[in-house]
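Structure file protein-v8.txt; described as compact mmCIF, C-alpha atoms.
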# COMPACT_ATOMS: atom_id res chain seq x y z
CA MET A 1 -1.54 29.04 16.28
CA LYS A 2 1.95 28.50 14.89
CA ILE A 3 3.15 24.93 14.25
CA ALA A 4 6.70 23.70 13.58
CA ILE A 5 7.16 20.33 11.90
CA LEU A 6 10.78 19.21 12.14
CA GLY A 7 11.60 17.13 9.07
CA ALA A 8 9.88 17.02 5.67
CA GLY A 9 10.07 13.30 5.07
CA ILE A 10 6.94 11.27 4.47
CA THR A 11 5.85 11.61 8.11
CA GLY A 12 6.32 15.36 8.39
CA LEU A 13 4.65 15.99 5.04
CA SER A 14 1.74 13.77 6.01
CA VAL A 15 1.20 15.54 9.33
CA ALA A 16 1.17 18.89 7.51
CA ARG A 17 -1.30 17.68 4.90
CA PHE A 18 -3.64 16.06 7.45
CA LEU A 19 -3.64 19.20 9.61
CA ILE A 20 -4.55 21.33 6.61
CA GLU A 21 -7.24 18.85 5.55
CA GLY A 22 -8.57 19.13 9.12
CA GLY A 23 -8.99 22.88 8.84
CA VAL A 24 -5.67 24.34 10.03
CA ASP A 25 -4.61 27.42 8.06
CA SER A 26 -1.62 26.40 5.93
CA ASP A 27 0.10 29.69 6.77
CA SER A 28 0.42 28.54 10.38
CA ILE A 29 2.52 25.48 9.42
CA HIS A 30 6.29 25.62 9.03
CA LEU A 31 8.29 22.55 7.94
CA PHE A 32 12.04 22.49 8.59
CA GLU A 33 14.09 20.26 6.27
CA ALA A 34 17.89 19.95 6.39
CA ALA A 35 18.16 18.49 2.88
CA PRO A 36 17.71 20.53 -0.30
CA VAL A 37 14.71 18.38 -1.25
CA ALA A 38 11.80 16.94 0.74
CA GLY A 39 11.20 13.21 1.03
CA GLY A 40 13.55 11.89 3.70
CA LEU A 41 13.96 8.11 3.48
CA CYS A 42 11.57 8.05 0.51
CA ARG A 43 13.84 10.05 -1.79
CA SER A 44 14.85 8.75 -5.21
CA LYS A 45 17.66 9.62 -7.58
CA THR A 46 17.93 9.59 -11.39
CA VAL A 47 21.33 9.18 -13.07
CA ASP A 48 21.61 9.07 -16.88
CA GLY A 49 18.00 7.94 -17.19
CA PHE A 50 18.19 5.29 -14.43
CA THR A 51 16.03 5.89 -11.33
CA TYR A 52 16.48 4.23 -7.95
CA ASP A 53 15.36 4.74 -4.34
CA VAL A 54 18.29 5.85 -2.23
CA ALA A 55 17.17 4.19 1.04
CA GLY A 56 16.52 0.72 -0.38
CA GLY A 57 13.67 -0.63 -2.45
CA HIS A 58 10.25 0.79 -1.55
CA ILE A 59 6.84 -0.44 -2.61
CA LEU A 60 3.35 0.93 -2.00
CA TYR A 61 1.09 -1.50 -0.20
CA SER A 62 -1.09 -1.17 2.88
CA LYS A 63 -3.75 -3.09 4.78
CA ASP A 64 -5.25 0.37 5.37
CA ALA A 65 -6.98 1.00 2.04
CA ALA A 66 -7.73 4.64 2.87
CA ALA A 67 -4.08 5.39 3.65
CA MET A 68 -2.89 3.69 0.47
CA GLN A 69 -5.40 5.59 -1.67
CA TRP A 70 -4.43 8.85 0.02
CA MET A 71 -0.79 8.17 -0.89
CA LYS A 72 -1.75 7.35 -4.48
CA ASP A 73 -3.89 10.47 -4.77
CA SER A 74 -0.97 12.57 -3.52
CA ALA A 75 1.04 11.45 -6.55
CA GLY A 76 -1.65 11.73 -9.22
CA GLY A 77 -4.04 8.90 -8.46
CA ASP A 78 -4.28 5.30 -9.66
CA ALA A 79 -3.27 6.16 -13.22
CA ALA A 80 0.14 7.37 -12.01
CA PHE A 81 1.09 3.93 -10.65
CA GLU A 82 2.21 0.59 -11.99
CA GLU A 83 0.54 -2.49 -10.48
CA ARG A 84 2.95 -5.35 -9.93
CA ASP A 85 2.73 -8.94 -8.71
CA ARG A 86 5.26 -9.62 -5.99
CA HIS A 87 7.82 -12.22 -7.06
CA THR A 88 10.56 -12.68 -4.46
CA ARG A 89 13.21 -15.38 -4.30
CA ILE A 90 16.22 -16.44 -2.28
CA ARG A 91 19.40 -17.07 -4.26
CA PHE A 92 20.70 -20.33 -2.79
CA GLU A 93 23.95 -21.24 -4.54
CA ASP A 94 22.83 -21.55 -8.19
CA ARG A 95 19.13 -22.05 -7.43
CA TRP A 96 16.08 -19.87 -7.00
CA VAL A 97 14.26 -20.74 -3.77
CA ARG A 98 10.76 -19.47 -3.15
CA TYR A 99 10.20 -17.06 -0.28
CA PRO A 100 9.62 -17.57 2.61
CA PHE A 101 12.42 -20.12 2.85
CA GLU A 102 10.42 -22.76 4.72
CA ASN A 103 7.83 -22.75 1.92
CA GLY A 104 10.56 -23.16 -0.69
CA ILE A 105 12.72 -25.92 0.76
CA GLY A 106 11.64 -28.27 -2.03
CA ASP A 107 13.75 -26.07 -4.33
CA LEU A 108 16.92 -26.91 -2.35
CA PRO A 109 19.52 -29.57 -3.12
CA ALA A 110 18.46 -32.92 -1.62
CA GLU A 111 20.82 -32.88 1.37
CA ALA A 112 19.92 -29.31 2.35
CA ASN A 113 16.22 -30.15 1.91
CA PHE A 114 16.62 -33.06 4.32
CA ASP A 115 18.52 -30.93 6.86
CA CYS A 116 15.78 -28.32 6.82
CA ILE A 117 12.78 -30.62 7.06
CA ARG A 118 14.38 -32.74 9.79
CA GLY A 119 15.22 -29.64 11.82
CA TYR A 120 11.80 -28.06 11.26
CA VAL A 121 9.88 -31.16 12.34
CA HIS A 122 12.16 -31.62 15.36
CA ALA A 123 11.66 -27.99 16.45
CA TRP A 124 7.90 -28.24 15.93
CA HIS A 125 7.74 -31.45 17.97
CA GLU A 126 9.84 -29.96 20.78
CA ARG A 127 7.55 -26.93 21.03
CA LYS A 128 4.46 -29.12 21.15
CA ALA A 129 5.90 -31.68 23.56
CA SER A 130 7.56 -29.31 26.00
CA GLY A 131 5.34 -26.26 25.67
CA THR A 132 8.37 -23.97 25.73
CA THR A 133 7.95 -20.25 25.29
CA ALA A 134 9.83 -18.31 22.65
CA PRO A 135 13.44 -17.44 23.56
CA THR A 136 14.04 -13.74 24.13
CA ASP A 137 17.07 -13.51 21.83
CA PHE A 138 16.79 -13.75 18.06
CA LYS A 139 19.50 -16.40 17.56
CA ASN A 140 17.83 -18.97 19.79
CA TRP A 141 14.37 -17.94 18.63
CA ILE A 142 15.38 -18.97 15.08
CA LEU A 143 16.46 -22.40 16.31
CA TRP A 144 13.32 -22.74 18.47
CA ARG A 145 11.00 -21.72 15.63
CA PHE A 146 12.65 -23.19 12.51
CA GLY A 147 15.16 -25.79 13.65
CA ALA A 148 18.87 -26.18 12.93
CA GLY A 149 18.62 -26.83 9.18
CA ILE A 150 16.78 -23.65 8.22
CA ALA A 151 18.87 -21.73 10.75
CA ASP A 152 22.16 -22.93 9.26
CA HIS A 153 21.19 -22.74 5.59
CA PHE A 154 19.38 -19.40 5.58
CA MET A 155 18.03 -17.61 8.64
CA THR A 156 21.24 -17.20 10.61
CA PRO A 157 23.65 -16.21 7.80
CA TYR A 158 21.10 -13.92 6.17
CA ASN A 159 20.21 -12.11 9.39
CA GLU A 160 23.85 -11.76 10.42
CA LYS A 161 24.38 -10.01 7.06
CA VAL A 162 21.47 -7.67 7.72
CA TRP A 163 22.00 -6.84 11.39
CA LYS A 164 25.83 -6.88 11.46
CA ARG A 165 25.70 -8.24 15.01
CA ASP A 166 25.68 -11.54 16.84
CA LEU A 167 22.00 -12.49 16.78
CA GLU A 168 22.00 -13.12 20.54
CA HIS A 169 22.44 -9.35 20.88
CA ILE A 170 19.02 -8.81 19.26
CA THR A 171 15.68 -9.46 20.92
CA SER A 172 13.09 -11.74 19.31
CA ASP A 173 10.23 -9.31 20.06
CA TRP A 174 10.45 -7.55 16.70
CA VAL A 175 9.70 -10.67 14.60
CA ALA A 176 6.04 -10.85 15.60
CA GLY A 177 4.01 -10.10 12.48
CA ARG A 178 7.09 -9.76 10.27
CA VAL A 179 8.41 -13.31 9.96
CA PRO A 180 5.85 -15.63 8.31
CA ASP A 181 4.63 -18.56 10.38
CA ALA A 182 4.08 -21.48 8.01
CA PRO A 183 1.94 -24.43 9.22
CA VAL A 184 3.95 -27.63 9.54
CA ASP A 185 1.79 -29.30 6.87
CA ASP A 186 2.72 -26.58 4.39
CA VAL A 187 6.42 -27.11 5.10
CA LEU A 188 6.08 -30.87 4.62
CA ARG A 189 4.26 -30.31 1.33
CA ALA A 190 6.95 -27.88 0.19
CA ALA A 191 9.68 -30.37 1.06
CA VAL A 192 8.25 -32.99 -1.33
CA GLY A 193 7.61 -30.49 -4.12
CA ILE A 194 3.96 -29.55 -3.54
CA LYS A 195 3.68 -25.79 -3.99
CA THR A 196 2.28 -23.89 -1.02
CA ALA A 197 1.09 -20.30 -0.83
CA GLY A 198 3.68 -19.07 1.66
CA TYR A 199 3.82 -15.36 2.32
CA ALA A 200 0.72 -13.94 0.61
CA HIS A 201 1.19 -10.50 2.22
CA GLN A 202 1.87 -7.81 -0.39
CA ALA A 203 1.09 -10.25 -3.24
CA ILE A 204 0.27 -7.16 -5.31
CA PHE A 205 1.99 -3.82 -4.84
CA TYR A 206 2.12 -0.43 -6.54
CA TYR A 207 4.93 1.82 -7.66
CA PRO A 208 4.96 5.26 -9.32
CA LYS A 209 5.32 5.16 -13.11
CA GLU A 210 7.84 8.00 -13.06
CA GLY A 211 10.16 9.64 -10.55
CA GLY A 212 10.72 6.66 -8.27
CA PHE A 213 9.07 6.37 -4.87
CA GLN A 214 9.84 10.04 -4.33
CA ALA A 215 6.95 10.81 -6.69
CA ILE A 216 4.70 10.21 -3.67
CA THR A 217 6.50 12.66 -1.37
CA ASP A 218 6.93 15.12 -4.26
CA GLY A 219 3.16 15.09 -4.62
CA MET A 220 2.68 15.60 -0.90
CA ALA A 221 5.20 18.43 -0.86
CA SER A 222 3.67 20.22 -3.83
CA ASP A 223 0.63 21.28 -1.81
CA VAL A 224 2.73 22.69 1.04
CA ALA A 225 5.83 23.79 -0.90
CA ALA A 226 5.56 27.36 0.31
CA ARG A 227 5.63 26.13 3.90
CA ILE A 228 8.82 24.05 3.61
CA ARG A 229 12.14 25.60 4.61
CA LEU A 230 14.58 23.49 2.60
CA SER A 231 18.30 23.32 3.45
CA THR A 232 17.39 24.45 6.97
CA LYS A 233 18.89 22.25 9.65
CA VAL A 234 17.42 22.64 13.12
CA GLU A 235 20.18 23.46 15.62
CA LYS A 236 18.40 24.15 18.93
CA LEU A 237 15.06 23.56 20.65
CA GLU A 238 14.33 25.55 23.83
CA ARG A 239 11.24 25.46 26.05
CA ARG A 240 9.56 28.80 26.74
CA GLY A 241 6.53 28.32 28.95
CA GLU A 242 4.03 26.23 27.01
CA ALA A 243 5.74 27.08 23.71
CA TRP A 244 9.01 26.00 22.09
CA LEU A 245 11.70 28.02 20.39
CA VAL A 246 13.07 26.46 17.22
CA ASP A 247 16.40 28.16 16.56
CA GLY A 248 15.05 31.16 18.46
CA GLU A 249 11.66 31.31 16.68
CA GLU A 250 8.62 30.72 18.89
CA PHE A 251 6.01 28.02 18.07
CA ASP A 252 2.84 26.94 19.86
CA LEU A 253 3.19 23.31 18.73
CA VAL A 254 6.19 21.23 17.65
CA VAL A 255 6.06 17.93 15.76
CA TYR A 256 9.38 16.07 15.97
CA THR A 257 10.10 13.65 13.08
CA LEU A 258 13.92 13.73 13.37
CA THR A 259 15.85 10.87 14.93
CA LEU A 260 15.81 10.35 18.69
CA THR A 261 19.57 9.72 18.67
CA ASP A 262 20.12 13.38 17.72
CA ALA A 263 17.61 14.82 20.20
CA PRO A 264 20.14 15.35 23.04
CA ASP A 265 22.20 17.63 20.78
CA LEU A 266 19.12 19.69 19.89
CA VAL A 267 16.93 19.91 22.97
CA GLU A 268 18.02 22.23 25.74
CA GLY A 269 17.40 20.93 29.26
CA MET A 270 16.99 17.25 28.45
CA PRO A 271 17.80 15.24 31.61
CA THR A 272 21.08 13.31 31.52
CA ALA A 273 19.40 9.90 31.85
CA VAL A 274 17.02 10.65 28.97
CA ALA A 275 19.83 11.94 26.79
CA LYS A 276 21.82 8.77 27.49
CA ALA A 277 18.81 6.60 26.54
CA CYS A 278 18.39 8.50 23.26
CA ARG A 279 22.05 8.30 22.30
CA GLU A 280 22.31 4.57 23.05
CA LEU A 281 19.40 3.50 20.86
CA GLU A 282 20.92 1.20 18.23
CA TYR A 283 20.39 1.41 14.48
CA ASN A 284 21.89 0.46 11.15
CA GLY A 285 22.73 2.70 8.26
CA LEU A 286 22.59 1.71 4.61
CA VAL A 287 24.82 1.88 1.58
CA SER A 288 22.74 1.59 -1.61
CA PHE A 289 24.11 0.98 -5.09
CA LEU A 290 22.41 1.48 -8.40
CA VAL A 291 23.82 -1.01 -10.90
CA ALA A 292 22.94 0.14 -14.44
CA LEU A 293 22.94 -2.79 -16.86
CA ASP A 294 23.32 -3.05 -20.61
CA ARG A 295 20.64 -5.67 -21.06
CA PRO A 296 17.01 -5.25 -22.03
CA GLU A 297 15.23 -7.11 -19.25
CA HIS A 298 15.37 -9.14 -16.07
CA PRO A 299 13.68 -12.36 -15.01
CA ASP A 300 10.20 -11.69 -13.64
CA LEU A 301 11.41 -10.92 -10.11
CA SER A 302 10.72 -8.09 -7.68
CA TRP A 303 13.61 -8.55 -5.25
CA ILE A 304 15.87 -11.32 -3.99
CA TYR A 305 17.73 -12.23 -0.81
CA LEU A 306 21.41 -13.18 -0.78
CA PRO A 307 22.28 -15.23 2.34
CA HIS A 308 25.76 -16.52 1.43
CA GLU A 309 29.04 -14.81 2.24
CA ASN A 310 30.44 -15.60 -1.22
CA GLN A 311 27.56 -13.64 -2.77
CA GLY A 312 29.24 -10.48 -1.53
CA PRO A 313 28.24 -7.92 1.12
CA ALA A 314 24.78 -7.23 -0.33
CA ASN A 315 21.85 -8.80 1.51
CA ARG A 316 19.07 -7.76 -0.87
CA VAL A 317 18.85 -6.87 -4.55
CA THR A 318 15.79 -5.10 -6.00
CA TYR A 319 15.07 -5.50 -9.70
CA MET A 320 14.48 -1.77 -9.97
CA SER A 321 13.61 -1.64 -13.67
CA ASN A 322 10.91 -4.28 -13.09
CA TYR A 323 9.10 -1.88 -10.76
CA ALA A 324 8.42 0.71 -13.44
CA THR A 325 9.30 0.85 -17.13
CA ALA A 326 10.62 4.40 -16.78
CA ASN A 327 13.17 3.39 -14.12
CA ALA A 328 15.64 2.52 -16.90
CA PRO A 329 16.12 3.72 -20.51
CA GLU A 330 14.68 1.59 -23.28
CA GLY A 331 16.75 -1.54 -23.84
CA LYS A 332 18.46 -1.26 -20.42
CA SER A 333 17.75 -2.57 -16.92
CA SER A 334 18.96 -2.00 -13.37
CA PHE A 335 19.48 -3.39 -9.88
CA LEU A 336 19.28 -1.64 -6.53
CA VAL A 337 21.72 -3.26 -4.10
CA GLU A 338 21.50 -2.85 -0.31
CA ILE A 339 24.31 -3.21 2.24
CA THR A 340 23.48 -2.49 5.86
CA TRP A 341 26.10 -0.91 8.10
CA PRO A 342 26.31 -0.53 11.91
CA GLY A 343 25.00 2.87 12.95
CA GLY A 344 27.66 5.35 13.94
CA GLU A 345 30.50 3.47 12.25
CA ARG A 346 32.42 4.88 9.32
CA TYR A 347 31.02 3.70 6.01
CA PRO A 348 33.13 1.40 3.84
CA GLY A 349 35.17 2.93 1.03
CA GLN A 350 34.79 2.48 -2.70
CA GLU A 351 36.34 -1.00 -2.49
CA ILE A 352 32.97 -2.34 -1.38
CA GLU A 353 31.59 -1.54 -4.84
CA GLN A 354 33.96 -4.08 -6.39
CA ASP A 355 33.04 -6.61 -3.69
CA VAL A 356 29.35 -6.07 -4.51
CA LEU A 357 29.82 -6.61 -8.25
CA ALA A 358 32.02 -9.67 -7.70
CA GLY A 359 29.38 -11.12 -5.36
CA LEU A 360 26.52 -10.53 -7.79
CA ALA A 361 28.54 -12.20 -10.55
CA LYS A 362 29.32 -15.11 -8.21
CA ALA A 363 25.62 -15.41 -7.43
CA GLY A 364 24.96 -15.74 -11.17
CA ILE A 365 22.52 -12.86 -11.48
CA MET A 366 24.70 -10.67 -13.75
CA THR A 367 28.02 -10.57 -15.56
CA ARG A 368 30.62 -7.86 -15.17
CA ASP A 369 30.54 -6.92 -18.86
CA GLU A 370 26.84 -5.95 -18.53
CA VAL A 371 27.60 -3.16 -16.05
CA LEU A 372 27.37 0.32 -17.54
CA PHE A 373 28.04 2.20 -14.28
CA THR A 374 27.15 2.26 -10.60
CA ASP A 375 25.90 5.03 -8.35
CA ARG A 376 26.19 5.06 -4.57
CA SER A 377 24.01 6.59 -1.86
CA GLU A 378 24.49 6.50 1.92
CA ILE A 379 21.72 6.67 4.50
CA ARG A 380 22.74 7.38 8.09
CA HIS A 381 19.61 5.95 9.75
CA ALA A 382 17.90 3.13 7.87
CA TYR A 383 16.91 0.30 10.24
CA VAL A 384 15.98 0.15 13.92
CA VAL A 385 18.03 -2.46 15.84
CA PHE A 386 16.08 -4.25 18.57
CA ASP A 387 18.77 -4.96 21.14
CA HIS A 388 17.79 -6.09 24.64
CA ASP A 389 17.83 -2.52 26.05
CA TYR A 390 15.70 -1.18 23.19
CA THR A 391 12.39 -1.05 25.07
CA ARG A 392 13.84 0.59 28.19
CA ARG A 393 15.73 3.24 26.23
CA ARG A 394 12.88 3.96 23.83
CA THR A 395 10.31 4.24 26.64
CA ALA A 396 12.48 6.68 28.60
CA ALA A 397 13.05 8.82 25.52
CA LEU A 398 9.44 8.91 24.32
CA GLU A 399 7.90 9.51 27.73
CA TRP A 400 10.05 12.59 28.20
CA MET A 401 9.54 13.89 24.65
CA GLU A 402 5.78 13.44 24.84
CA SER A 403 5.42 14.90 28.32
CA ASN A 404 7.27 18.00 27.14
CA GLY A 405 5.10 18.57 24.09
CA LEU A 406 7.56 17.59 21.34
CA ASN A 407 5.12 15.14 19.68
CA PRO A 408 7.54 12.56 18.26
CA VAL A 409 6.27 10.67 15.21
CA GLY A 410 8.01 8.77 12.40
CA ARG A 411 10.33 5.78 12.04
CA PHE A 412 13.29 7.22 13.93
CA ALA A 413 11.44 9.83 15.98
CA ARG A 414 9.76 6.88 17.70
CA PHE A 415 12.28 4.16 16.78
CA ASP A 416 9.55 1.99 15.25
CA TYR A 417 10.17 -0.37 12.33
CA ASP A 418 7.53 1.43 10.23
CA ASN A 419 7.05 1.19 6.49
CA SER A 420 5.93 4.27 4.57
CA ASP A 421 2.22 3.46 4.87
CA GLN A 422 2.55 3.05 8.63
CA CYS A 423 4.27 6.43 8.80
CA VAL A 424 1.26 7.95 7.03
CA ILE A 425 -1.19 6.13 9.32
CA LYS A 426 0.59 7.29 12.48
CA ALA A 427 0.89 10.83 11.09
CA ARG A 428 -2.86 10.77 10.50
CA GLY A 429 -3.39 9.67 14.10
CA LEU A 430 -1.17 12.39 15.55
CA ALA A 431 -2.78 15.04 13.35
CA GLY A 432 -6.18 13.97 14.69
CA GLU A 433 -4.94 14.36 18.28
CA LEU A 434 -3.47 17.79 17.54
CA LEU A 435 -6.65 18.93 15.81
CA GLY A 436 -8.56 17.97 18.96
CA LYS A 437 -6.20 20.01 21.13
CA ILE A 438 -6.39 22.99 18.78
CA ALA A 439 -10.19 22.86 18.82
CA LYS A 440 -10.17 22.97 22.63
CA GLY A 441 -7.92 26.01 22.52

Could I get this structure in the form of structure tokens?
Amino acid sequence: MKIAILGAGITGLSVARFLIEGGVDSDSIHLFEAAPVAGGLCRSKTVDGFTYDVAGGHILYSKDAAAMQWMKDSAGGDAAFEERDRHTRIRFEDRWVRYPFENGIGDLPAEANFDCIRGYVHAWHERKASGTTAPTDFKNWILWRFGAGIADHFMTPYNEKVWKRDLEHITSDWVAGRVPDAPVDDVLRAAVGIKTAGYAHQAIFYYPKEGGFQAITDGMASDVAARIRLSTKVEKLERRGEAWLVDGEEFDLVVYTLTLTDAPDLVEGMPTAVAKACRELEYNGLVSFLVALDRPEHPDLSWIYLPHENQGPANRVTYMSNYATANAPEGKSSFLVEITWPGGERYPGQEIEQDVLAGLAKAGIMTRDEVLFTDRSEIRHAYVVFDHDYTRRRTAALEWMESNGLNPVGRFARFDYDNSDQCVIKARGLAGELLGKIAKG
């Protein structure tokens, strides 16, 4: 049995580890990785003693306790991690507003508070009175669910920053389980200044003490290092009977963790309609900035959301040096700034860096004279975009890939909005299926 795993990000590494834990000989596993280091979207970077995660701020948390412990153990166990309370805020003009927004509207200026509570109650009443179902597009779903005030003051401008599209272009399906659903009584309490719990999910999270989030994938990779072919980009996949050729080398099983949008350029014989579905799947890339600061500490915050245009192009700022003490030198601190970008479009030039810094200064979370330096990273595929053709395209792509034995798994191999723990969980599931097939011969 000879197994090719295409991609040594967190998903590919997890599949390899779970197969080996299930009894597969490690010598039969071959991981192909185009980058010079494993880790994929979980990679981190250290510059002059400042560490940041190149694909946006990551945290370790999971409802699946076994998966979370497995990830911790891969990087040295509990002692190798910092435990942190989640403190997130929205920067609304010169105020800190608790997250989620509807649980923090009491922090708003009086007029905005009134707009939001009036709109929320009106939307709630309309849903109850008319029994309407949720709109299929995200823009109207926001109005239906939250009302005009919250839509105008936060949800619409923030999400337009993130998605870089008219929100009618995006389906509302993806919000299930991701956007908190506050009871109307909680919103009314919040509006008059009574604190409510809000989004308790991920109230406590974990982060590696050293090495950034990549410490987890470094730990995973260490056990299979001899099986990883770094700086080896896959160029061609060809079917040969029940086997596949990967750049001319024959394998009995292939696990595909690369992006579906690239599959038509790799897989020989893919039908035209399937190739079209793969190529047309929509996504956003990401430009990340490390901002190294000459100040000893931050407020006690984990990350913040920036909804206003005058706050610059960044939509989220992670207080990176609050995650782990070693993420910045002693006496210094740092931000990780995220700017999403439409997939396939040319990334902005260096001028965006100045726009970012000007926006952060305008938002009142730093001053320009505190900045020691910045460092930029670009991620081609960062976020799945749920346009109205998403389900049709994704289904066509996955049905063909699966029926032809390419075993797609991972955020962009399946175009699922999966966090790192979910990638591990799904890798564990696929490994179990493959182990069953192997056992049957």

task = Measure the distance from CA of Ala397 (chain A) to CA of Trp244 (chain A) in Å and round it to one decimal.
result = 18.0 Å

Best match for closeness to Glu102 (chain A) among A:Val175, A:Ala413, A:Asp181, A:Asp27, counting all atoms listed in the file =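 The shortest atom-to-atom distance to Glu102 (chain A) comes from A:Asp181.
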
ask   = Out of A:Cys42, A:Val192, A:His87, A:Leu60, which residue has the shortest atom-to-atom distance to Ile105 (chain A) when counting only C-alpha atoms?
value = A:Val192

Surrounding residues of His58 (chain A) excluding itself and chain neighbours under 3 positions, 12 Å, all atoms listed in the file, as a ChimeraX atom specification = /A:41-44,52-55,61,205-208,212-216,302-303,317-320,323,336,338,419-421

Selection near Pro296 (chain A), 6 Å with only C-alpha atoms, sequence-local residues under 4 positions removed, as a list in words = Gly331, Lys332 and Ser333 of chain A

Output of the above residues as a compact mmCIF listing (two decimals), in the coordinates of the input, restricted to C-alpha atoms:
# COMPACT_ATOMS: atom_id res chain seq x y z
CA GLY A 331 16.75 -1.54 -23.84
CA LYS A 332 18.46 -1.26 -20.42
CA SER A 333 17.75 -2.57 -16.92

ask   = Residues at most 7 Å from region 2-18 of chain A, counting only C-alpha atoms, excluding those fewer than 3 positions away in the same chain, as a PyMOL selection string?
value = chain A and resi 21-22+28-33+38-42+217+220-221+251-258+410+423-424+427-428+431

Expected file contents, prior selection, C-alpha atoms, as a PDB file, in the frame of the given file:
ATOM      1  CA  GLU A  21      -7.240  18.850   5.550  1.00  0.00           C
ATOM      2  CA  GLY A  22      -8.570  19.130   9.120  1.00  0.00           C
ATOM      3  CA  SER A  28       0.420  28.540  10.380  1.00  0.00           C
ATOM      4  CA  ILE A  29       2.520  25.480   9.420  1.00  0.00           C
ATOM      5  CA  HIS A  30       6.290  25.620   9.030  1.00  0.00           C
ATOM      6  CA  LEU A  31       8.290  22.550   7.940  1.00  0.00           C
ATOM      7  CA  PHE A  32      12.040  22.490   8.590  1.00  0.00           C
ATOM      8  CA  GLU A  33      14.090  20.260   6.270  1.00  0.00           C
ATOM      9  CA  ALA A  38      11.800  16.940   0.740  1.00  0.00           C
ATOM     10  CA  GLY A  39      11.200  13.210   1.030  1.00  0.00           C
ATOM     11  CA  GLY A  40      13.550  11.890   3.700  1.00  0.00           C
ATOM     12  CA  LEU A  41      13.960   8.110   3.480  1.00  0.00           C
ATOM     13  CA  CYS A  42      11.570   8.050   0.510  1.00  0.00           C
ATOM     14  CA  THR A 217       6.500  12.660  -1.370  1.00  0.00           C
ATOM     15  CA  MET A 220       2.680  15.600  -0.900  1.00  0.00           C
ATOM     16  CA  ALA A 221       5.200  18.430  -0.860  1.00  0.00           C
ATOM     17  CA  PHE A 251       6.010  28.020  18.070  1.00  0.00           C
ATOM     18  CA  ASP A 252       2.840  26.940  19.860  1.00  0.00           C
ATOM     19  CA  LEU A 253       3.190  23.310  18.730  1.00  0.00           C
ATOM     20  CA  VAL A 254       6.190  21.230  17.650  1.00  0.00           C
ATOM     21  CA  VAL A 255       6.060  17.930  15.760  1.00  0.00           C
ATOM     22  CA  TYR A 256       9.380  16.070  15.970  1.00  0.00           C
ATOM     23  CA  THR A 257      10.100  13.650  13.080  1.00  0.00           C
ATOM     24  CA  LEU A 258      13.920  13.730  13.370  1.00  0.00           C
ATOM     25  CA  GLY A 410       8.010   8.770  12.400  1.00  0.00           C
ATOM     26  CA  CYS A 423       4.270   6.430   8.800  1.00  0.00           C
ATOM     27  CA  VAL A 424       1.260   7.950   7.030  1.00  0.00           C
ATOM     28  CA  ALA A 427       0.890  10.830  11.090  1.00  0.00           C
ATOM     29  CA  ARG A 428      -2.860  10.770  10.500  1.00  0.00           C
ATOM     30  CA  ALA A 431      -2.780  15.040  13.350  1.00  0.00           C
TER      31      ALA A 431
END

Selection near Phe412 (chain A), 7 Å with all atoms listed in the file, sequence-local residues under 3 positions removed, as a PDB file with C-alpha atoms, in the coordinates of the input:
ATOM      1  CA  LEU A 258      13.920  13.730  13.370  1.00  0.00           C
ATOM      2  CA  THR A 259      15.850  10.870  14.930  1.00  0.00           C
ATOM      3  CA  LEU A 260      15.810  10.350  18.690  1.00  0.00           C
ATOM      4  CA  PHE A 415      12.280   4.160  16.780  1.00  0.00           C
ATOM      5  CA  ASP A 416       9.550   1.990  15.250  1.00  0.00           C
TER       6      ASP A 416
END

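With distances restricted to only C-alpha atoms, A:Asn404 is the closest residue to Gly241 (chain A) from A:Gln422, A:Val356, A:Asn404, A:Phe386.
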
task = Rounded to one decimal place, report the CA of Ala123 (chain A)-CA of Trp163 (chain A) distance in Å.
result =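 Rounded to one decimal, the two atoms are 24.1 Å apart.
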
Selection: 10 Å around Cys116 (chain A), all atoms listed in the file, excl. self and same-chain fewer than 3 positions, as a VMD selection string = chain A and resid 101 to 102 105 to 106 108 110 to 113 119 to 122 146 to 154 187 191

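As for CA of Ala225 (chain A) and CA of Gly77 (chain A), they are spaced 19.4 Å apart.
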
For the contact check between region 288-308 of chain A and region 366-375 of chain A, emit one row per residue of region 288-308 of chain A within 10 Å, containing the shortest atom pair and the distance in Å rounded to one decimal, counting all atoms listed in the file, chain then rising number order, as a tab-separated table.
residue	atom	partner	partner_atom	distance
A:Ser288	CA	A:Asp375	CA	8.2
A:Phe289	CA	A:Asp375	CA	5.5
A:Leu290	CA	A:Asp375	CA	5.0
A:Val291	CA	A:Thr374	CA	4.7
A:Ala292	CA	A:Leu372	CA	5.4
A:Leu293	CA	A:Val371	CA	4.7
A:Asp294	CA	A:Glu370	CA	5.0
A:Arg295	CA	A:Glu370	CA	6.7
A:His298	CA	A:Met366	CA	9.7

message = Counting all atoms listed in the file, which residues sit no farther than 8 Å from the position (14.3, -10.1, 18.7) in the file's frame? I'd like them as JSON, numbers by chain.
response = {"A": [136, 137, 138, 141, 170, 171, 172, 173, 174, 175, 386, 387, 388]}

message = Using only C-alpha atoms for the distances, tell me which of A:Thr325, A:Gly49, A:Asn284, A:Arg392 is nearest to Tyr347 (chain A).
response =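 Answer, going by the shortest atom-to-atom distance: A:Asn284.
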
task = Between A:Ile59, A:Ala328, A:Val24, A:Ala66, single out the one closest to Arg86 (chain A), counting all atoms listed in the file.
result =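 Nearest to Arg86 (chain A): A:Ile59.
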
message = So, with all atoms listed in the file as the atoms that count, which of A:Ser403, A:Glu282, A:Val337, A:Thr272 lies closest to His169 (chain A)?
response =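 Checking each candidate against His169 (chain A), we get A:Glu282 as the closest.
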